[in-house]
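*Asks:* Structure file input37.tsv (TSV, C-alpha atoms) is given on the next line.
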chain	number	residue	atom	x	y	z
A	149	MET	CA	-117.09	91.95	18.43
A	150	SER	CA	-119.89	94.51	18.35
A	151	LYS	CA	-121.87	95.36	21.50
A	152	MET	CA	-124.84	93.05	22.02
A	153	PRO	CA	-127.22	92.41	24.89
A	154	THR	CA	-125.92	90.09	27.56
A	155	ILE	CA	-127.96	87.20	28.90
A	156	SER	CA	-129.07	89.31	31.85
A	157	GLU	CA	-130.60	91.83	29.43
A	158	MET	CA	-132.56	89.23	27.43
A	159	PRO	CA	-135.86	87.52	28.26
A	160	HIS	CA	-135.54	83.95	29.53
A	161	THR	CA	-139.00	82.79	28.63
A	162	SER	CA	-138.68	82.55	24.86
A	163	LEU	CA	-136.23	80.75	22.60
A	164	MET	CA	-134.30	82.76	20.04
A	165	PRO	CA	-135.25	81.96	16.41
A	166	VAL	CA	-132.53	80.27	14.38
A	167	GLN	CA	-132.27	83.09	11.83
A	168	GLN	CA	-131.90	85.74	14.52
A	169	ALA	CA	-129.17	83.72	16.23
A	170	LEU	CA	-127.38	83.26	12.92
A	171	GLU	CA	-127.52	86.99	12.19
A	172	ILE	CA	-126.04	87.86	15.59
A	173	ILE	CA	-123.25	85.30	15.18
A	174	SER	CA	-122.50	86.34	11.60
A	175	GLN	CA	-122.16	90.00	12.58
A	176	SER	CA	-119.59	89.03	15.19
A	177	PHE	CA	-117.02	87.76	12.68
A	178	SER	CA	-115.01	89.29	9.87
A	179	ARG	CA	-112.46	88.14	7.34
A	180	LEU	CA	-109.01	87.29	8.69
A	181	ASP	CA	-105.75	88.64	7.29
A	182	PRO	CA	-104.27	87.39	4.00
A	183	GLU	CA	-100.98	85.53	3.66
A	184	ASP	CA	-98.83	84.40	0.74
A	185	ILE	CA	-98.04	80.69	0.43
A	186	PRO	CA	-96.48	78.45	-2.24
A	187	LEU	CA	-98.95	77.03	-4.76
A	188	THR	CA	-97.80	73.56	-3.70
A	189	GLN	CA	-99.35	74.14	-0.26
A	190	ALA	CA	-102.60	75.76	-1.44
A	191	LEU	CA	-104.97	72.78	-1.71
A	192	GLY	CA	-108.20	73.55	0.16
A	193	ARG	CA	-107.17	77.11	1.00
A	194	THR	CA	-109.37	80.13	0.24
A	195	THR	CA	-108.04	82.84	-2.05
A	196	ALA	CA	-107.81	86.34	-0.60
A	197	ARG	CA	-107.65	88.15	-3.95
A	198	ASP	CA	-108.20	87.60	-7.65
A	199	HIS	CA	-105.38	85.69	-9.37
A	200	PHE	CA	-104.26	86.36	-12.96
A	201	ALA	CA	-102.29	84.31	-15.47
A	202	ALA	CA	-98.58	85.14	-15.60
A	203	ILE	CA	-98.24	83.70	-19.13
A	204	THR	CA	-100.34	82.83	-22.16
A	205	GLN	CA	-101.30	79.18	-22.54
A	206	PRO	CA	-100.47	77.76	-24.99
A	207	PRO	CA	-97.85	80.41	-25.79
A	208	PHE	CA	-97.87	79.42	-29.48
A	209	ASN	CA	-100.06	77.57	-31.96
A	210	ALA	CA	-99.62	73.97	-30.81
A	211	SER	CA	-100.43	70.65	-32.39
A	212	ALA	CA	-103.24	68.69	-30.75
A	213	MET	CA	-102.13	65.45	-32.44
A	214	ASP	CA	-99.14	63.41	-33.51
A	215	GLY	CA	-99.05	63.82	-37.28
A	216	TYR	CA	-97.99	66.22	-40.03
A	217	ALA	CA	-98.17	70.01	-40.14
A	218	LEU	CA	-98.96	71.30	-43.63
A	219	ARG	CA	-101.02	73.67	-45.76
A	220	ALA	CA	-104.71	72.74	-46.03
A	221	GLU	CA	-104.77	73.62	-49.72
A	222	ASP	CA	-102.07	71.00	-50.39
A	223	VAL	CA	-104.39	68.21	-49.18
A	224	ALA	CA	-107.60	69.40	-50.79
A	225	ASN	CA	-107.47	66.39	-53.09
A	226	CYS	CA	-106.16	63.21	-51.48
A	227	PRO	CA	-104.28	60.99	-51.57
A	228	VAL	CA	-101.27	63.21	-52.19
A	229	GLU	CA	-97.53	62.84	-51.56
A	230	LEU	CA	-95.61	65.58	-49.72
A	231	GLN	CA	-91.96	66.16	-48.94
A	232	VAL	CA	-91.06	65.83	-45.22
A	233	ILE	CA	-88.64	68.68	-44.47
A	234	GLY	CA	-88.24	68.39	-40.68
A	235	GLU	CA	-89.69	67.64	-37.25
A	236	ALA	CA	-91.37	69.68	-34.47
A	237	PRO	CA	-91.46	67.68	-31.22
A	238	ALA	CA	-92.93	69.13	-27.99
A	239	GLY	CA	-90.50	71.66	-26.58
A	240	LYS	CA	-88.67	72.27	-29.85
A	241	SER	CA	-89.80	74.22	-32.88
A	242	TYR	CA	-88.99	73.83	-36.56
A	243	ASP	CA	-87.34	77.07	-37.63
A	244	GLY	CA	-88.08	76.90	-41.33
A	245	ASP	CA	-91.28	77.56	-43.26
A	246	VAL	CA	-93.76	75.06	-44.63
A	247	THR	CA	-94.03	75.81	-48.35
A	248	PRO	CA	-96.27	74.33	-51.05
A	249	GLY	CA	-95.78	70.58	-51.37
A	250	THR	CA	-93.94	70.21	-48.04
A	251	THR	CA	-94.81	69.07	-44.51
A	252	VAL	CA	-93.21	68.84	-41.06
A	253	ARG	CA	-93.52	65.79	-38.83
A	254	ILE	CA	-95.08	67.12	-35.62
A	255	PHE	CA	-95.98	65.71	-32.21
A	256	THR	CA	-98.65	66.59	-29.65
A	257	GLY	CA	-97.80	69.92	-28.04
A	258	GLY	CA	-95.23	70.80	-30.67
A	259	PRO	CA	-95.18	74.35	-32.09
A	260	VAL	CA	-96.88	74.58	-35.50
A	261	PRO	CA	-94.25	75.88	-37.97
A	262	LYS	CA	-94.72	78.99	-40.06
A	263	GLY	CA	-96.69	78.44	-43.23
A	264	ALA	CA	-98.66	75.45	-41.87
A	265	ASP	CA	-102.33	75.92	-41.09
A	266	THR	CA	-103.51	72.40	-40.30
A	267	VAL	CA	-102.30	69.12	-38.83
A	268	ILE	CA	-103.15	65.72	-40.30
A	269	MET	CA	-103.19	62.98	-37.69
A	270	GLN	CA	-100.68	60.21	-38.32
A	271	GLU	CA	-103.47	57.64	-38.69
A	272	ASN	CA	-104.48	59.44	-41.91
A	273	ALA	CA	-100.98	59.36	-43.37
A	274	GLU	CA	-98.65	56.70	-44.77
A	275	ARG	CA	-94.91	57.28	-44.40
A	276	LEU	CA	-93.19	56.26	-47.61
A	277	ASN	CA	-89.58	56.90	-46.62
A	278	GLU	CA	-87.51	59.34	-44.58
A	279	GLY	CA	-88.20	62.18	-46.99
A	280	SER	CA	-91.81	61.70	-48.06
A	281	VAL	CA	-95.29	60.87	-46.81
A	282	ARG	CA	-98.61	60.10	-48.47
A	283	ILE	CA	-101.58	61.97	-46.96
A	284	LEU	CA	-104.68	59.79	-47.25
A	285	ILE	CA	-107.39	62.12	-45.87
A	286	GLY	CA	-107.26	65.90	-45.95
A	287	ALA	CA	-108.51	68.47	-43.42
A	288	GLU	CA	-109.63	72.08	-43.43
A	289	SER	CA	-107.50	74.96	-42.17
A	290	GLY	CA	-107.15	75.03	-38.36
A	291	ARG	CA	-107.89	71.33	-37.82
A	292	ASN	CA	-105.98	69.75	-34.89
A	293	ILE	CA	-104.30	73.04	-33.91
A	294	ARG	CA	-104.62	74.67	-30.50
A	295	PRO	CA	-104.31	78.43	-31.10
A	296	ALA	CA	-102.03	80.52	-28.90
A	297	GLY	CA	-104.03	81.64	-25.85
A	298	ASN	CA	-106.69	79.02	-26.48
A	299	ASP	CA	-106.65	78.09	-22.78
A	300	PHE	CA	-105.97	81.51	-21.26
A	301	ALA	CA	-104.09	84.72	-22.00
A	302	LYS	CA	-101.53	86.55	-19.92
A	303	GLU	CA	-103.20	88.80	-17.30
A	304	GLN	CA	-106.52	86.95	-17.70
A	305	LYS	CA	-108.37	86.44	-14.39
A	306	LEU	CA	-108.25	82.72	-13.58
A	307	VAL	CA	-109.40	82.48	-9.96
A	308	GLU	CA	-111.68	84.87	-8.10
A	309	ASP	CA	-111.26	86.13	-4.58
A	310	GLY	CA	-112.96	83.81	-2.07
A	311	THR	CA	-112.46	80.61	-4.09
A	312	ILE	CA	-111.74	77.30	-2.36
A	313	LEU	CA	-108.76	75.93	-4.27
A	314	THR	CA	-109.14	72.40	-5.64
A	315	SER	CA	-106.61	70.23	-7.47
A	316	ARG	CA	-108.14	71.51	-10.70
A	317	HIS	CA	-107.53	75.15	-9.77
A	318	ILE	CA	-103.98	74.35	-8.72
A	319	GLY	CA	-103.25	72.54	-11.99
A	320	MET	CA	-104.49	75.55	-13.98
A	321	MET	CA	-102.54	78.01	-11.83
A	322	ALA	CA	-99.39	75.93	-12.23
A	323	ALA	CA	-99.82	76.04	-16.02
A	324	ALA	CA	-100.21	79.82	-15.70
A	325	ASN	CA	-96.87	80.00	-13.84
A	326	ILE	CA	-98.45	81.28	-10.62
A	327	ALA	CA	-95.94	80.09	-8.04
A	328	THR	CA	-97.30	81.98	-5.02
A	329	VAL	CA	-100.93	82.46	-4.03
A	330	THR	CA	-102.56	84.88	-1.62
A	331	VAL	CA	-104.97	83.12	0.73
A	332	THR	CA	-106.85	83.95	3.91
A	333	ARG	CA	-105.22	82.85	7.12
A	334	GLN	CA	-106.82	79.66	8.44
A	335	PRO	CA	-109.09	80.33	11.44
A	336	ARG	CA	-107.83	78.70	14.64
A	337	ILE	CA	-110.69	77.16	16.61
A	338	ALA	CA	-110.13	75.78	20.11
A	339	LEU	CA	-112.33	72.88	21.27
A	340	LEU	CA	-113.01	71.87	24.87
A	341	SER	CA	-115.25	68.98	25.90
A	342	THR	CA	-116.65	68.87	29.41
A	343	GLY	CA	-117.96	66.02	31.56
A	344	ASP	CA	-116.89	63.45	34.13
A	345	GLU	CA	-118.36	60.71	31.93
A	346	LEU	CA	-115.90	61.25	29.07
A	347	VAL	CA	-112.75	59.26	28.36
A	348	THR	CA	-110.19	59.72	25.61
A	349	ILE	CA	-110.28	57.46	22.56
A	350	GLY	CA	-108.29	54.29	23.21
A	351	ASP	CA	-108.56	54.47	27.01
A	352	VAL	CA	-110.33	51.91	29.17
A	353	VAL	CA	-114.04	52.75	29.41
A	354	GLY	CA	-115.62	52.42	32.83
A	355	PRO	CA	-119.19	51.24	33.44
A	356	ASP	CA	-120.52	54.82	33.66
A	357	GLN	CA	-118.34	56.37	30.97
A	358	ILE	CA	-118.41	57.03	27.22
A	359	ILE	CA	-115.76	57.85	24.63
A	360	SER	CA	-115.21	61.55	23.95
A	361	SER	CA	-116.08	61.54	20.23
A	362	ASN	CA	-117.30	65.12	19.87
A	363	ASN	CA	-113.85	66.73	19.78
A	364	LEU	CA	-112.80	64.56	16.86
A	365	LEU	CA	-116.19	64.94	15.15
A	366	LEU	CA	-115.94	68.73	15.26
A	367	SER	CA	-112.19	69.05	14.68
A	368	THR	CA	-112.50	67.10	11.44
A	369	LEU	CA	-115.51	69.23	10.44
A	370	ILE	CA	-113.33	72.30	11.01
A	371	THR	CA	-110.51	70.79	8.93
A	372	GLU	CA	-112.94	69.85	6.12
A	373	ASN	CA	-113.98	73.49	5.96
A	374	GLY	CA	-110.55	75.09	5.90
A	375	GLY	CA	-109.91	75.83	9.57
A	376	THR	CA	-107.35	74.64	12.09
A	377	ALA	CA	-108.68	72.84	15.17
A	378	ILE	CA	-106.93	73.06	18.53
A	379	ASP	CA	-107.99	70.27	20.89
A	380	LEU	CA	-107.88	71.39	24.52
A	381	GLY	CA	-109.00	67.96	25.71
A	382	ILE	CA	-111.56	67.23	28.42
A	383	ALA	CA	-112.50	69.38	31.41
A	384	ARG	CA	-114.04	67.51	34.32
A	385	ASP	CA	-117.19	68.72	36.07
A	386	ASN	CA	-115.35	70.67	38.71
A	387	ALA	CA	-113.97	74.17	38.99
A	388	PRO	CA	-110.22	73.29	39.20
A	389	SER	CA	-110.35	71.25	36.00
A	390	LEU	CA	-112.14	74.00	34.07
A	391	GLU	CA	-109.77	76.61	35.45
A	392	GLU	CA	-106.83	74.52	34.28
A	393	LYS	CA	-108.26	74.48	30.75
A	394	ILE	CA	-108.88	78.23	30.91
A	395	THR	CA	-105.20	78.72	31.65
A	396	LEU	CA	-104.32	76.46	28.71
A	397	LEU	CA	-106.62	78.47	26.42
A	398	LYS	CA	-105.04	81.74	27.49
A	399	ALA	CA	-101.62	80.35	26.65
A	400	THR	CA	-102.74	79.28	23.15
A	401	ASP	CA	-101.80	81.73	20.42
A	402	SER	CA	-104.20	83.36	17.98
A	403	VAL	CA	-107.44	81.58	18.82
A	404	ASP	CA	-110.20	83.03	16.65
A	405	LEU	CA	-113.12	81.07	18.15
A	406	PHE	CA	-113.48	79.13	21.39
A	407	ILE	CA	-115.96	76.23	21.46
A	408	THR	CA	-117.08	74.26	24.47
A	409	ILE	CA	-118.98	70.99	24.12
A	410	GLY	CA	-121.36	69.91	26.87
A	411	GLY	CA	-122.33	71.68	30.06
A	412	ALA	CA	-124.56	74.14	28.20
A	413	SER	CA	-127.85	73.24	29.88
A	414	VAL	CA	-129.05	73.95	33.39
A	415	GLY	CA	-127.94	71.39	35.96
A	416	ASP	CA	-125.94	70.91	39.13
A	417	HIS	CA	-122.86	69.81	37.18
A	418	ASP	CA	-123.11	72.19	34.21
A	419	LEU	CA	-120.43	74.64	35.22
A	420	VAL	CA	-119.54	76.19	31.87
A	421	GLN	CA	-121.43	79.46	32.32
A	422	LYS	CA	-120.75	79.63	36.04
A	423	ILE	CA	-116.98	79.11	35.94
A	424	LEU	CA	-116.29	80.85	32.64
A	425	GLY	CA	-118.42	83.73	33.87
A	426	GLN	CA	-116.01	84.21	36.75
A	427	TYR	CA	-113.21	84.59	34.19
A	428	GLY	CA	-114.91	87.07	31.87
A	429	LEU	CA	-117.55	85.21	29.87
A	430	LYS	CA	-120.21	87.52	28.43
A	431	VAL	CA	-123.22	85.56	27.17
A	432	HIS	CA	-125.00	87.28	24.28
A	433	PHE	CA	-127.73	84.66	24.05
A	434	TRP	CA	-128.58	81.21	25.36
A	435	LYS	CA	-131.17	78.72	24.16
A	436	ILE	CA	-132.32	78.61	20.54
A	437	ALA	CA	-135.56	77.42	18.95
A	438	ILE	CA	-133.80	74.53	17.24
A	439	ARG	CA	-134.06	70.77	17.40
A	440	PRO	CA	-131.70	69.17	18.20
A	441	GLY	CA	-129.49	71.64	20.04
A	442	LYS	CA	-131.69	74.00	22.05
A	443	PRO	CA	-129.22	74.73	24.92
A	444	MET	CA	-126.56	76.50	22.80
A	445	ILE	CA	-124.60	79.47	24.10
A	446	PHE	CA	-123.06	82.31	22.15
A	447	GLY	CA	-120.92	84.94	23.77
A	448	GLU	CA	-117.46	86.37	24.24
A	449	PHE	CA	-114.68	84.98	26.42
A	450	ASN	CA	-111.54	87.06	26.94
A	451	GLN	CA	-112.10	89.03	23.72
A	452	ARG	CA	-112.68	85.84	21.74
A	453	PRO	CA	-116.04	84.73	20.30
A	454	MET	CA	-117.33	81.68	22.15
A	455	ILE	CA	-119.93	79.05	21.19
A	456	GLY	CA	-121.14	76.58	23.80
A	457	LEU	CA	-122.48	73.47	22.06
A	458	PRO	CA	-124.69	70.78	23.62
A	459	GLY	CA	-123.03	67.50	24.55
A	460	ASN	CA	-125.16	65.09	22.52
A	461	PRO	CA	-123.29	64.40	19.25
A	462	ALA	CA	-126.16	65.08	16.83
A	463	SER	CA	-127.07	68.26	18.70
A	464	ALA	CA	-123.46	69.44	18.68
A	465	TYR	CA	-123.13	68.68	14.97
A	466	VAL	CA	-126.39	70.33	13.91
A	467	CYS	CA	-125.50	73.49	15.83
A	468	ALA	CA	-121.97	73.45	14.41
A	469	VAL	CA	-123.28	73.16	10.85
A	470	ASN	CA	-125.78	75.98	11.37
A	471	PHE	CA	-123.67	78.41	13.38
A	472	MET	CA	-119.99	77.45	13.50
A	473	LEU	CA	-119.61	76.84	9.75
A	474	PRO	CA	-120.99	80.26	8.72
A	475	ALA	CA	-118.61	81.91	11.22
A	476	LEU	CA	-115.70	79.88	9.86
A	477	HIS	CA	-116.57	80.69	6.25
A	478	ILE	CA	-116.92	84.41	7.02
A	479	MET	CA	-113.46	84.41	8.62
A	480	LEU	CA	-112.11	82.76	5.46
A	481	GLY	CA	-113.87	85.22	3.16
A	482	ARG	CA	-115.55	82.48	1.16
A	483	ASN	CA	-118.09	83.25	-1.54
A	484	VAL	CA	-120.59	80.70	-0.18
A	485	ILE	CA	-121.38	80.86	3.53
A	486	GLY	CA	-122.58	77.81	5.48
A	487	ALA	CA	-123.72	74.42	4.27
A	488	PRO	CA	-125.16	74.45	0.72
A	489	ARG	CA	-128.95	74.44	0.52
A	490	SER	CA	-131.12	72.56	-1.94
A	491	ILE	CA	-134.69	71.43	-2.55
A	492	ALA	CA	-135.71	67.77	-2.47
A	493	ILE	CA	-138.85	65.69	-2.97
A	494	LEU	CA	-140.10	63.91	0.14
A	495	ASP	CA	-140.02	60.13	-0.11
A	496	HIS	CA	-142.54	59.75	2.73
A	497	ALA	CA	-145.05	61.73	4.74
A	498	LEU	CA	-144.03	63.89	7.73
A	499	LYS	CA	-146.19	64.93	10.64
A	500	ASP	CA	-146.61	68.58	11.60
A	501	ASN	CA	-143.67	70.23	13.34
A	502	GLY	CA	-143.50	71.87	16.76
A	503	SER	CA	-142.36	75.36	17.69
A	504	ARG	CA	-138.64	74.74	17.10
A	505	GLN	CA	-136.91	74.59	13.73
A	506	ASP	CA	-136.09	70.94	13.16
A	507	TYR	CA	-133.03	69.58	11.38
A	508	MET	CA	-133.67	65.92	10.68
A	509	ARG	CA	-130.81	63.65	9.69
A	510	ALA	CA	-131.68	62.37	6.24
A	511	TYR	CA	-130.36	60.79	3.06
A	512	TYR	CA	-131.07	61.91	-0.48
A	513	THR	CA	-130.67	60.22	-3.84
A	514	GLU	CA	-131.38	61.48	-7.35
A	515	ASN	CA	-134.20	60.18	-9.54
A	516	SER	CA	-134.10	59.71	-13.32
A	517	ASP	CA	-134.91	63.40	-13.82
A	518	GLY	CA	-131.93	64.48	-11.71
A	519	GLU	CA	-134.15	65.69	-8.85
A	520	LYS	CA	-133.19	64.98	-5.26
A	521	VAL	CA	-135.45	62.60	-3.33
A	522	VAL	CA	-135.00	62.65	0.44
A	523	ALA	CA	-135.92	60.34	3.32
A	524	ALA	CA	-135.42	61.10	7.00
A	525	THR	CA	-133.78	58.44	9.13
A	526	PRO	CA	-136.34	56.51	11.22
A	527	ARG	CA	-134.96	57.57	14.60
A	528	GLN	CA	-133.79	61.10	15.39
A	529	ASP	CA	-132.27	60.52	18.85
A	530	SER	CA	-129.79	63.35	19.42
A	531	ALA	CA	-127.24	60.94	20.88
A	532	LYS	CA	-127.16	58.59	17.86
A	533	LEU	CA	-123.96	58.87	15.86
A	534	SER	CA	-124.83	56.03	13.47
A	535	THR	CA	-127.69	57.93	11.83
A	536	LEU	CA	-125.52	61.04	11.63
A	537	ALA	CA	-122.68	59.12	9.98
A	538	HIS	CA	-124.95	57.71	7.28
A	539	ALA	CA	-126.78	60.98	6.57
A	540	ASN	CA	-125.78	63.17	3.64
A	541	CYS	CA	-128.14	66.04	4.40
A	542	LEU	CA	-130.30	67.66	7.07
A	543	LEU	CA	-134.00	67.95	6.26
A	544	VAL	CA	-135.22	71.37	7.44
A	545	ARG	CA	-138.66	71.75	9.06
A	546	THR	CA	-139.61	75.32	9.90
A	547	PRO	CA	-141.34	76.12	13.22
A	548	ASN	CA	-145.00	75.01	13.24
A	549	ALA	CA	-144.72	73.59	9.73
A	550	PRO	CA	-147.88	71.66	8.79
A	551	SER	CA	-147.76	67.97	7.94
A	552	ALA	CA	-146.15	67.14	4.61
A	553	ALA	CA	-147.14	64.42	2.15
A	554	LYS	CA	-144.97	62.15	0.07
A	555	GLY	CA	-143.99	64.09	-3.04
A	556	ASP	CA	-143.94	67.49	-1.33
A	557	ARG	CA	-140.83	69.61	-1.75
A	558	VAL	CA	-138.70	70.43	1.27
A	559	GLU	CA	-135.47	72.29	1.98
A	560	ILE	CA	-132.32	70.32	2.81
A	561	LEU	CA	-128.81	71.29	3.94
A	562	LEU	CA	-126.17	69.31	2.07
A	563	LEU	CA	-123.44	67.74	4.17
A	564	GLN	CA	-119.93	67.11	2.88
A	565	PRO	CA	-119.40	63.62	1.43
Let me see the structure of the file written as structure tokens.
*Replies:*
Amino acid sequence: MSKMPTISEMPHTSLMPVQQALEIISQSFSRLDPEDIPLTQALGRTTARDHFAAITQPPFNASAMDGYALRAEDVANCPVELQVIGEAPAGKSYDGDVTPGTTVRIFTGGPVPKGADTVIMQENAERLNEGSVRILIGAESGRNIRPAGNDFAKEQKLVEDGTILTSRHIGMMAAANIATVTVTRQPRIALLSTGDELVTIGDVVGPDQIISSNNLLLSTLITENGGTAIDLGIARDNAPSLEEKITLLKATDSVDLFITIGGASVGDHDLVQKILGQYGLKVHFWKIAIRPGKPMIFGEFNQRPMIGLPGNPASAYVCAVNFMLPALHIMLGRNVIGAPRSIAILDHALKDNGSRQDYMRAYYTENSDGEKVVAATPRQDSAKLSTLAHANCLLVRTPNAPSAAKGDRVEILLLQP
């Protein structure tokens, strides 16, 4: 990580703008090393180089239909009877030539024999006997034939560097005989929740406790975006428990980013900065002009980048989308960094915004013109998971934005389905 001001060198009175925080975080990460893996294991991985076809597809002129391969000039005036001289099923060619007055029975994917320049579909033919067929409707030269290289040619670039591989990419690469792909190593991100009030999913919940949902919320977000999450569990609000988790983190191999959840604000029991500081935490900045999620930390812990997220689920998620995802995508070398942005039409009025950049949980649909129409959820409580679960975007309100009317256009961040 590059040298940046520590928290002691930065003013405490003002909140850091979102864009400035994002720039600092983005400059702290770089692409991870490439690795070669089998194509069968490449779904969702990010390519680390351009990939080229190993073969031409199709490697020969192939029939696009079940029917008869023949010369177009022989069926210029139909109906006409032709001599059937052989067959060309998929995977096996007919070695002879199609000459005037002859045809070869052919099947989808079969190699078009020499001399033939068109294929008549079987629905337009009437088989008379084993050796002859009546063609009912003719076709011009080239009809129902897939030319060699029609899909792609050998050495043609098929997938660019930085591409997230889908099932469609993998199907194409398989057809191109690409057995091994070069991808970026998956970033390993360690997650640690803090708080005496937290209990593990499935445990008995006491009267003053809540389920620790943030680790699973964020670990699945990491997985959705191509990373590997390492769950360090829950640290209690005391020094021995945090120190135990620090020891566990140090023993974990190849952690590329360390994330704490909770304990980021100022309070008697918020020990993250205090205890981690005793073990080498360097805070580059703390507190951002964002809503929800103001008390977010970014720094370095034992030569690893560290993000301290707020404990409220919506706050943690909004900060993760805005700051963790870009870091993750940079490490992967992806072509698109962060959540996709779009413009939508407001479905209702919005009052003027305060001094922090607001990310409102919202839901968009598309109107008859294909434009996005967005509505913010009625309540934006940072602890509400139900509104977060049903949102498909975040509606962005810049600092001190004036009131907006129904029909105005606003920026939204698209969330994964």
*Asks:* Got a sec to check which residues sit within 10 Å of (-98.8, 62.8, -42.8), counting all atoms listed in the file, and write them as an MDAnalysis selection string?
*Replies:* chainID A and resid 214:218 228:232 251:254 267:276 280:286
*Asks:* Report, in Å to a single decimal, how far apart atom CA of A:Lys398 and atom CA of A:Gly441 are.
*Replies:* 27.5 Å
*Asks:* Measuring atom to atom with only C-alpha atoms, identify which of A:Pro526, A:Gly350, A:Gly481, A:Pro550 is nearest to A:Asp500.
*Replies:*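 For A:Asp500, the nearest of the given residues is A:Pro550.
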*Asks:* So that I can see what lies close to A:Gly486, please list as a list in words the residues with an atom at most 7 Å from it, counting all atoms listed in the file and leaving out residues fewer than 5 positions away in the same chain.
*Replies:*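 Returned residues: Asn470, Leu473, Pro474 and His477 of chain A.
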*Asks:* For each of A:His317, A:His432, A:Arg439, A:Arg545, take the minimum atom-to-atom distance to A:Ile173, counting only C-alpha atoms, then give the residue where this is smallest.
*Replies:* A:His432
*Asks:* Identify which of the residues A:Arg482, A:Lys240, A:Arg219, A:Arg557 lies closest to A:Lys520, counting all atoms listed in the file when measuring atom-to-atom distances.
*Replies:*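 Among the listed residues, A:Arg557 lies closest to A:Lys520.
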*Asks:* Just the residues within 10 Å of A:Ala475, please, counting all atoms listed in the file, with nothing from its chain fewer than 5 positions along; format it as an MDAnalysis selection string.
*Replies:* chainID A and resid 170 173:179 335 405 453 468:470 480:481 485:486
*Asks:* Can you tell me, as a list in words, what residues are no more than 10 Å from A:Cys467 when counting all atoms listed in the file, ignoring any on the same chain fewer than 4 positions away?
*Replies:*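 In the requested format, the answer is Val166, Ile436, Ile438, Arg439, Pro440, Gly441, Lys442, Pro443, Met444, Ile455, Gly456, Leu457, Pro458, Pro461, Ala462, Ser463, Phe471, Met472, Leu473 and Tyr507 of chain A.
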*Asks:* Give me, please, the distance in Å between atom CA of A:Glu372 and atom CA of A:Pro565, quoted to one decimal.
*Replies:*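 Calculated distance between atom CA of A:Glu372 and atom CA of A:Pro565 is 10.1 Å.
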*Asks:* Any chance you could tabulate, as a Markdown table, the residues of stretch 439-532 of chain A at most 9 Å from stretch 417-428 of chain A with each one's nearest atom pair and distance in Å to one decimal, using only C-alpha atoms, in chain and rising number order?
*Replies:*
| residue | atom | partner | partner_atom | distance |
| --- | --- | --- | --- | --- |
| A:Ile445 | CA | A:Gln421 | CA | 8.8 |
| A:Glu448 | CA | A:Gly428 | CA | 8.1 |
| A:Phe449 | CA | A:Gly428 | CA | 5.8 |
| A:Asn450 | CA | A:Gly428 | CA | 6.0 |
| A:Gln451 | CA | A:Gly428 | CA | 8.8 |
| A:Gly456 | CA | A:Val420 | CA | 8.2 |
*Asks:* Considering only C-alpha atoms, can you say which of A:Asp385, A:Asp529, A:Asp379, A:Glu308 comes closest to A:Gly411?
*Replies:* A:Asp385
*Asks:* Near stretch 336-346 of chain A, within 6 Å and counting all atoms listed in the file, which residues show up once chain neighbours fewer than 6 positions away are dropped, as a list of chain:residue names?
*Replies:* A:Gln357, A:Ile358, A:Ile359, A:Ser360, A:Thr376, A:Ala377, A:Ile378, A:Asp379, A:Leu380, A:Gly381, A:Ile382, A:Ala383, A:Arg384, A:Asp385, A:Val403, A:Asp404, A:Leu405, A:Phe406, A:Ile407, A:Thr408, A:Ile409, A:Gly410
*Asks:* From (-115.8, 73.6, 12.3), in the file's coordinates, out to 7 Å: which residues are reached, counting only C-alpha atoms? Answer as a PDB file with C-alpha atoms, keeping the file's coordinate frame.
*Replies:*
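Listed below is the output, out_10.pdb:
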ATOM      1  CA  LEU A 366    -115.940  68.730  15.260  1.00  0.00           C
ATOM      2  CA  SER A 367    -112.190  69.050  14.680  1.00  0.00           C
ATOM      3  CA  LEU A 369    -115.510  69.230  10.440  1.00  0.00           C
ATOM      4  CA  ILE A 370    -113.330  72.300  11.010  1.00  0.00           C
ATOM      5  CA  THR A 371    -110.510  70.790   8.930  1.00  0.00           C
ATOM      6  CA  ASN A 373    -113.980  73.490   5.960  1.00  0.00           C
ATOM      7  CA  GLY A 375    -109.910  75.830   9.570  1.00  0.00           C
ATOM      8  CA  ALA A 468    -121.970  73.450  14.410  1.00  0.00           C
ATOM      9  CA  MET A 472    -119.990  77.450  13.500  1.00  0.00           C
ATOM     10  CA  LEU A 473    -119.610  76.840   9.750  1.00  0.00           C
ATOM     11  CA  LEU A 476    -115.700  79.880   9.860  1.00  0.00           C
TER      12      LEU A 476
END
*Asks:* Skipping near chain neighbours, those fewer than 5 positions away, what residues fall within 12 Å of A:His199 using all atoms listed in the file, listed as a ChimeraX atom specification?
*Replies:* /A:187,194,302-311,313,317-318,320-322,324-331
*Asks:* One decimal, Å: what's the distance from atom CA of A:Gly258 over to atom CA of A:Ala236, could you say?
*Replies:* 5.5 Å
